[in-house]
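Asks: Have a look at this one.
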Amino acid sequence: VCNICFWQCAATLYTENGKPWKLEGNPEDPHCDGRLCTRGTGGIASYSDPDRLRQPLIRVSRNGKQSFVPVTWEKAFEVIAGRMQDIAEQHGSDRFALFSHGDGGRHFRRLLQAYGSHAYAHPSFAQCRGPRETAFGLTFGEGVGSPDRTDMANSRCIVLIGSHIGENLHNSQVQTLMQALDQGATLITVDPRFSVPASKSKHWLPIKPGTDTALLLAWMNVLVNEQLYDRDYVAQYCSGFDELARHVQPYNPEWAYLETGLEPEQIRETARAMARAAPATLVHPGRHVTWYGDDTQRCRAIAILNALLGSWGRPGGFYRQEKVDLPAFPAPKPEPDHGWMDIVQADYPLVATGISNVLIDHSVGPDAFFKGWFIYATNLITTIPGIRKQLEQAAESLELIVVVDTMPAEITGYADVVLPECTYLERHDELRNKAERTPTLALRSPAFAPLHDSRPAWWIAKALAGHLGLESYFPWQDYREVLDWQLRQVGSSLEEMERVGVKSFPRKTPVYFEPGRAVKFNTPSGRIELYSQHLAEAGHDPLPKYTPPERPPEGFFHLNYGRAAAHTFGRTINNPLLFELMPENAVWVHPAAAATLGVRSGEYVRLENPEGTQSNRIRVRVTQRIRPDSVFMVHGFGHTDPRQRLAHGAGADDTALMHNVRIDPVMGGTGMRASFVTLVREEV
């Protein structure tokens, strides 16, 4: 199962003379339908990357200078266990936080829970998908899921709002989008940039950055006032329509034109196109949706628009997800002594998971709640905007930081102990059991023994548990025992899965709502809530309101960023195969802006924000595919750790330039698109 991105496509690895030769998608896997993306096929280079971490490292101070020295696993575990026991005695065992991204993090979550600490956060929530999961949960009673429950193969109209499908290469989504287009679906793309999907669209709406909610409200205004919404669906499933209808009255297309820069007739035409295709119309919820600080409300507007079109639970809209009922391996289950969220993030009662930036806030200073961190496979310094100073302060305050990774990412420089995990081609992990259209299980099994002195996450967590006297929580000698036991409970076995890789199971529920049958939603009212009483009771707007964005200072531009087909953000820049495809990023600049600044395509500049922070040098790309008030760059470049010899200094880092981070008041996410930059020419 590929680990280059979260889509987790199943694949078969072929070797030649004992070395990796190629990866091919598993044709039985609904995540990829037998085809891997660019990054997936290049994943074999993660195994052979000469810069990967090779042995455990411990921070030492010698002659007033700090450095890392290689140690044995036993020594590393002794240091970690000793400090964890000291923290438990002095402060309590609930004072650790886990930051993780990826399958192996669950082993460390179990370890810390057994120790007594249940605090955890996935940066992918507060820095990526959290607003949409919160918003759709408030509206429909459940989130969009991962992979997304979008039924694009059956859509007749698809609306993308800042969603770069075809550049993010979420495999099955790219394939189903192209299937829809092959069948004549109308594609509407809203983006300040003429992106890859914009080039496939019937309608490209080059919106002013930050005004998406104004457009969404105007679309609702048209649907309501022209009676184009799905009246039967709304009557059967929704509550709060009358409040919504009154709410959207001021937001007509003429008003929206002044905010968005989009012609009123274009707004009306696209709203009518959605209505003609409904309910097989999908207003895509997007993935990376932490933008301007009002993101939950913007995502609520997307959810409500889908409800008006009748797309939730209908063909061509959003299907109902289902996963395999897979029992957990019998082992003691750690239970928390108290609710850590009530202590740490009481300001966000609508959020059921950890918020990474909030946990970091509670890790700074002598009176901070957290005294130790485990960080698994997430490079916090390039993931969370505006965090560098806080990370330095947290590193001074915390009594132990343990980083587990395959590569010497920048975050390893903040660690007290660095533990090298082997790559996904060298380990077993938990079975992939994702909620999706077809319930499937997929097996990740090692093609090679771990290189160097690296180890799988399950082994590291179990061994450390032994040093802490917590062996009973890991009652297996080899993780194969866990996998085989689980598979036998559902009529399979590890032997079978090692042969087939992916196994499908029959659904127990319909894929779509059944006509005429009542549906109970997991909301307070049991209906789709257009007006959210839950939000109102929490002190937030029960219906989405538009907040005009800040405009750039004179001589500055909106900083927009996104994905590229060759890379998974910053995780793959040092991958030798993928680096060869895209060794650096570029900054897109409109010709009018380029003429004003006196810059040309191909020359190098530095980006500078209003606080004077400058980036590494970055190449200019002058193009009409970007609005004159904006620039665009691919995220993930500009690495600063010289141990990543390919990635070090290649391209510019957008995260370091983010000076105007807006916190979402509903779910605590970090708005990452409210910053501005200008271009500074290189001295010759």
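Chain labels run A, B, ... following the order of the structure tokens; each chain numbers its residues from 1, and ligands are numbered from 1 in the order shown.
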Residues of segment 357-381 of chain A that approach segment 124-135 of chain A to 10 Å or less, counting only C-alpha atoms: could you list each one with the shortest pair of atoms and its distance in Å to one decimal, rows by chain and increasing residue number, as a Markdown table?

Replies:
| residue | atom | partner | partner_atom | distance |
| --- | --- | --- | --- | --- |
| A:Asn357 | CA | A:Ala126 | CA | 7.5 |
| A:Val358 | CA | A:Ala126 | CA | 9.3 |
| A:Thr378 | CA | A:Ser124 | CA | 9.3 |

Asks: Hey, what's within 6 Å of segment 487-504 of chain A if we count only C-alpha atoms and toss same-chain stuff fewer than 6 positions away? As number ranges by chain, please?

Replies: A: 439-443

Asks: Between A:Lys333, A:Arg551, A:Arg149, A:Arg193, which has the minimum distance to Trp312 of chain A (counting only C-alpha atoms)?

Replies: A:Arg149

Asks: Looking at A:Gly612, A:Gly92, A:Gly42, A:Gly18, which one is nearest to Phe370 of chain A, with distances taken over only C-alpha atoms?

Replies: A:Gly92

Asks: For Trp458 of chain A, which residue out of A:Asp103, A:Glu580, A:Glu78, A:Asp295 is the nearest one, using only C-alpha atoms?

Replies: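 Closest residue, counting only C-alpha atoms: A:Asp103.
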
Asks: Just want the 9 Å neighbourhood of Ala409 of chain A, counted on only C-alpha atoms, with same-chain residues fewer than 4 positions away dropped. Output as a short mmCIF file (atom, residue, chain, number, x, y, z; two decimals) with N, CA, C and O atoms, in the first residue's frame.

Replies:
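Written out: part.cif:
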data_model
loop_
_atom_site.label_atom_id
_atom_site.label_comp_id
_atom_site.auth_asym_id
_atom_site.auth_seq_id
_atom_site.Cartn_x
_atom_site.Cartn_y
_atom_site.Cartn_z
N THR A 378 5.71 13.77 10.56
CA THR A 378 5.15 15.07 10.16
C THR A 378 6.17 16.16 10.46
O THR A 378 6.67 16.26 11.58
N ASN A 379 6.50 16.94 9.45
CA ASN A 379 7.51 17.98 9.57
C ASN A 379 6.83 19.28 9.98
O ASN A 379 6.49 20.12 9.14
N ASP A 405 10.93 9.23 12.09
CA ASP A 405 10.79 9.59 10.68
C ASP A 405 11.72 8.71 9.86
O ASP A 405 12.61 8.04 10.40
N GLY A 413 15.72 18.34 13.87
CA GLY A 413 16.68 19.22 14.51
C GLY A 413 16.23 19.73 15.86
O GLY A 413 17.04 20.25 16.64
N ARG A 571 7.21 16.25 1.41
CA ARG A 571 7.67 14.92 1.80
C ARG A 571 8.54 14.26 0.74
O ARG A 571 9.31 13.34 1.05
N HIS A 639 13.73 23.55 1.56
CA HIS A 639 14.19 22.86 2.77
C HIS A 639 15.52 23.43 3.25
O HIS A 639 16.38 23.83 2.45
N THR A 640 15.68 23.42 4.57
CA THR A 640 16.85 24.06 5.17
C THR A 640 17.83 23.08 5.80
O THR A 640 18.92 23.49 6.20
N ASP A 641 17.46 21.81 5.91
CA ASP A 641 18.36 20.84 6.54
C ASP A 641 19.34 20.31 5.49
O ASP A 641 18.93 19.67 4.51
N ARG A 643 21.20 17.87 5.46
CA ARG A 643 21.27 16.41 5.34
C ARG A 643 20.39 15.89 4.21
O ARG A 643 20.59 14.77 3.75
N GLN A 644 19.41 16.68 3.78
CA GLN A 644 18.64 16.34 2.58
C GLN A 644 19.35 17.02 1.40
O GLN A 644 19.05 18.16 1.06
#

Asks: Just want the 12 Å neighbourhood of segment 66-76 of chain A, counted on only C-alpha atoms, with same-chain residues fewer than 2 positions away dropped. Output as an MDAnalysis selection string.

Replies: chainID A and resid 53:64 78:83 402:404 408 412:421 453:455 459:461 463:464 466:467

Asks: Determine, counting only C-alpha atoms, which protein, DNA and RNA residues have an atom within 12 Å of an atom of Ala594 of chain A; residues of the same chain fewer than 4 positions away are not included. Present the result as a PyMOL selection string.

Replies: chain A and resi 555+557+587-590+598-603+605+620-624+626-631+678-681

Asks: Include N, CA, C and O atoms and write out the residues we just selected as a short mmCIF file (atom, residue, chain, number, x, y, z; two decimals), in the first residue's frame.

Replies:
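Done, and the output landed in again.cif:
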data_model
loop_
_atom_site.label_atom_id
_atom_site.label_comp_id
_atom_site.auth_asym_id
_atom_site.auth_seq_id
_atom_site.Cartn_x
_atom_site.Cartn_y
_atom_site.Cartn_z
N GLY A 555 2.00 47.45 -3.78
CA GLY A 555 3.20 46.77 -4.24
C GLY A 555 3.28 45.31 -3.84
O GLY A 555 4.26 44.63 -4.18
N PHE A 557 1.21 41.30 -3.29
CA PHE A 557 0.27 40.42 -3.99
C PHE A 557 -0.22 39.34 -3.03
O PHE A 557 0.47 38.95 -2.09
N VAL A 587 7.53 30.92 -9.22
CA VAL A 587 6.47 31.83 -8.82
C VAL A 587 5.78 32.35 -10.07
O VAL A 587 6.41 32.90 -10.97
N TRP A 588 4.47 32.12 -10.15
CA TRP A 588 3.67 32.59 -11.28
C TRP A 588 3.34 34.06 -11.07
O TRP A 588 2.84 34.45 -10.00
N VAL A 589 3.55 34.87 -12.10
CA VAL A 589 3.30 36.30 -12.04
C VAL A 589 2.59 36.72 -13.32
O VAL A 589 2.99 36.32 -14.41
N HIS A 590 1.54 37.53 -13.19
CA HIS A 590 0.82 38.03 -14.36
C HIS A 590 1.71 39.01 -15.14
O HIS A 590 2.51 39.74 -14.55
N GLY A 598 9.37 44.86 -13.31
CA GLY A 598 10.57 44.76 -14.12
C GLY A 598 11.23 43.40 -14.08
O GLY A 598 12.46 43.30 -14.13
N VAL A 599 10.41 42.33 -13.97
CA VAL A 599 10.96 40.98 -13.93
C VAL A 599 10.53 40.22 -15.18
O VAL A 599 9.51 40.52 -15.79
N ARG A 600 11.32 39.21 -15.54
CA ARG A 600 11.07 38.43 -16.74
C ARG A 600 11.05 36.94 -16.41
O ARG A 600 11.64 36.51 -15.41
N SER A 601 10.40 36.17 -17.26
CA SER A 601 10.38 34.72 -17.09
C SER A 601 11.81 34.17 -17.08
O SER A 601 12.66 34.59 -17.89
N GLY A 602 12.05 33.25 -16.17
CA GLY A 602 13.33 32.57 -16.12
C GLY A 602 14.32 33.18 -15.14
O GLY A 602 15.26 32.49 -14.72
N GLU A 603 14.16 34.44 -14.77
CA GLU A 603 15.11 35.02 -13.83
C GLU A 603 14.71 34.66 -12.40
O GLU A 603 13.57 34.30 -12.11
N VAL A 605 14.22 35.56 -8.37
CA VAL A 605 13.91 36.64 -7.45
C VAL A 605 13.80 36.03 -6.06
O VAL A 605 13.89 34.82 -5.87
N VAL A 620 11.07 32.96 -11.79
CA VAL A 620 9.83 33.63 -12.20
C VAL A 620 9.23 32.91 -13.40
O VAL A 620 9.94 32.51 -14.33
N ARG A 621 7.91 32.76 -13.37
CA ARG A 621 7.17 32.30 -14.53
C ARG A 621 6.11 33.35 -14.84
O ARG A 621 5.13 33.48 -14.10
N VAL A 622 6.29 34.11 -15.89
CA VAL A 622 5.32 35.12 -16.29
C VAL A 622 4.23 34.43 -17.12
O VAL A 622 4.54 33.78 -18.12
N THR A 623 2.97 34.58 -16.70
CA THR A 623 1.89 33.86 -17.35
C THR A 623 0.57 34.59 -17.15
O THR A 623 0.33 35.17 -16.08
N GLN A 624 -0.29 34.53 -18.14
CA GLN A 624 -1.63 35.08 -18.02
C GLN A 624 -2.56 34.15 -17.25
O GLN A 624 -3.74 34.47 -17.06
N ILE A 626 -2.70 33.64 -14.18
CA ILE A 626 -2.85 34.06 -12.79
C ILE A 626 -3.40 35.49 -12.79
O ILE A 626 -3.09 36.28 -13.69
N ARG A 627 -4.21 35.81 -11.80
CA ARG A 627 -4.76 37.16 -11.70
C ARG A 627 -3.64 38.17 -11.45
O ARG A 627 -2.63 37.85 -10.79
N PRO A 628 -3.78 39.42 -11.89
CA PRO A 628 -2.73 40.43 -11.67
C PRO A 628 -2.49 40.75 -10.20
O PRO A 628 -1.40 41.23 -9.86
N ASP A 629 -3.48 40.48 -9.32
CA ASP A 629 -3.30 40.82 -7.90
C ASP A 629 -2.72 39.67 -7.09
O ASP A 629 -2.65 39.74 -5.86
N SER A 630 -2.30 38.58 -7.76
CA SER A 630 -1.88 37.37 -7.06
C SER A 630 -0.60 36.79 -7.66
O SER A 630 -0.29 37.04 -8.82
N VAL A 631 0.09 36.02 -6.83
CA VAL A 631 1.16 35.15 -7.31
C VAL A 631 0.85 33.74 -6.82
O VAL A 631 0.06 33.55 -5.90
N THR A 678 5.87 40.45 -2.06
CA THR A 678 6.31 41.16 -3.24
C THR A 678 7.56 40.46 -3.76
O THR A 678 8.10 39.55 -3.10
N LEU A 679 8.02 40.85 -4.94
CA LEU A 679 9.19 40.23 -5.55
C LEU A 679 10.38 41.17 -5.45
O LEU A 679 10.27 42.35 -5.77
N VAL A 680 11.49 40.62 -4.98
CA VAL A 680 12.72 41.39 -4.85
C VAL A 680 13.72 40.82 -5.83
O VAL A 680 14.07 39.63 -5.76
N ARG A 681 14.20 41.66 -6.75
CA ARG A 681 15.13 41.17 -7.77
C ARG A 681 16.48 40.84 -7.15
O ARG A 681 16.94 41.50 -6.22
#

Asks: If you count only C-alpha atoms, which residues fall within 7 Å of Glu259 of chain A, apart from same-chain ones fewer than 2 positions away, as a ChimeraX atom specification?

Replies: /A:211,214,255-257,261

Asks: Going by DSSP on the backbone, which residues of segment 437-470 of chain A come out as helix (DSSP H, G or I)? List them as a ChimeraX atom specification.

Replies: /A:457-467

Asks: Atom CA of His534 of chain A and atom CA of Thr139 of chain A are how many Å apart?

Replies: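 Straight-line distance from atom CA of His534 of chain A to atom CA of Thr139 of chain A works out to 9.8 Å.
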
Asks: I'd like a table as JSON lines: residues in segment 342-409 of chain A with an atom no more than 12 Å from segment 651-660 of chain A, each row giving the shortest atom pair and its distance in Å to one decimal, only C-alpha atoms counted, sorted by chain and rising residue number.

Replies:
{"residue": "A:Asn379", "atom": "CA", "partner": "A:Thr655", "partner_atom": "CA", "distance": 11.8}
{"residue": "A:Leu380", "atom": "CA", "partner": "A:Thr655", "partner_atom": "CA", "distance": 10.6}
{"residue": "A:Ile381", "atom": "CA", "partner": "A:Thr655", "partner_atom": "CA", "distance": 8.4}
{"residue": "A:Thr382", "atom": "CA", "partner": "A:Thr655", "partner_atom": "CA", "distance": 6.0}
{"residue": "A:Thr383", "atom": "CA", "partner": "A:Thr655", "partner_atom": "CA", "distance": 7.3}
{"residue": "A:Ile384", "atom": "CA", "partner": "A:Thr655", "partner_atom": "CA", "distance": 7.4}
{"residue": "A:Pro385", "atom": "CA", "partner": "A:Thr655", "partner_atom": "CA", "distance": 5.3}
{"residue": "A:Gly386", "atom": "CA", "partner": "A:Met658", "partner_atom": "CA", "distance": 6.2}
{"residue": "A:Ile387", "atom": "CA", "partner": "A:Ala656", "partner_atom": "CA", "distance": 8.6}
{"residue": "A:Arg388", "atom": "CA", "partner": "A:Ala656", "partner_atom": "CA", "distance": 8.1}
{"residue": "A:Lys389", "atom": "CA", "partner": "A:Ala656", "partner_atom": "CA", "distance": 10.9}

Asks: Give me a file of those residues, with N, CA, C and O atoms, as a compact mmCIF listing (two decimals), in the first residue's frame.

Replies:
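Contents of out_17.txt, freshly written:
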# COMPACT_ATOMS: atom_id res chain seq x y z
N ASN A 379 6.50 16.94 9.45
CA ASN A 379 7.51 17.98 9.57
C ASN A 379 6.83 19.28 9.98
O ASN A 379 6.49 20.12 9.14
N LEU A 380 6.60 19.45 11.28
CA LEU A 380 5.77 20.54 11.79
C LEU A 380 6.24 21.90 11.29
O LEU A 380 5.42 22.79 11.04
N ILE A 381 7.52 22.10 11.13
CA ILE A 381 8.04 23.42 10.81
C ILE A 381 7.61 23.89 9.43
O ILE A 381 7.46 25.10 9.18
N THR A 382 7.38 22.97 8.50
CA THR A 382 6.91 23.35 7.17
C THR A 382 5.42 23.09 6.99
O THR A 382 4.87 23.37 5.92
N THR A 383 4.78 22.56 8.02
CA THR A 383 3.36 22.21 7.95
C THR A 383 2.48 23.28 8.56
O THR A 383 1.41 23.60 8.03
N ILE A 384 2.91 23.84 9.69
CA ILE A 384 2.09 24.79 10.44
C ILE A 384 2.65 26.19 10.22
O ILE A 384 3.81 26.45 10.53
N PRO A 385 1.86 27.11 9.69
CA PRO A 385 2.39 28.44 9.39
C PRO A 385 2.67 29.25 10.65
O PRO A 385 2.00 29.10 11.67
N GLY A 386 3.68 30.10 10.56
CA GLY A 386 4.00 31.00 11.65
C GLY A 386 4.43 30.32 12.93
O GLY A 386 4.27 30.86 14.02
N ILE A 387 5.04 29.13 12.81
CA ILE A 387 5.30 28.31 13.99
C ILE A 387 6.76 28.28 14.42
O ILE A 387 7.10 27.74 15.49
N ARG A 388 7.66 28.85 13.64
CA ARG A 388 9.09 28.67 13.92
C ARG A 388 9.49 29.18 15.29
O ARG A 388 10.20 28.49 16.04
N LYS A 389 9.04 30.37 15.65
CA LYS A 389 9.41 30.91 16.96
C LYS A 389 8.82 30.07 18.07
O LYS A 389 9.49 29.79 19.08

Asks: Just the number, please: distance in Å from atom CA of Gln85 of chain A to atom CA of Leu470 of chain A, one decimal.

Replies: 12.2 Å

Asks: Please, which residues of segment 424-511 of chain A, numbered as in this document, come out strand (DSSP E or B) from DSSP, as a count of residues only?

Replies: 9

Asks: Which is closest to Pro553 of chain A among A:Ser675, A:Thr438, A:Asn574, A:Asn585, if we use only C-alpha atoms?

Replies: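 Nearest candidate to Pro553 of chain A out of A:Ser675, A:Thr438, A:Asn574, A:Asn585: A:Ser675.
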
Asks: Just how far from atom CA of Leu607 of chain A is atom CA of Gly671 of chain A, in Å to one decimal?

Replies: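 Atom CA of Leu607 of chain A lies 19.7 Å from atom CA of Gly671 of chain A.
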
Asks: Would you mind listing what lies within 8 Å of Cys422 of chain A as a ChimeraX atom specification, with only C-alpha atoms counted and same-chain residues fewer than 3 positions away left out?

Replies: /A:406,425-427,450-451,454-456
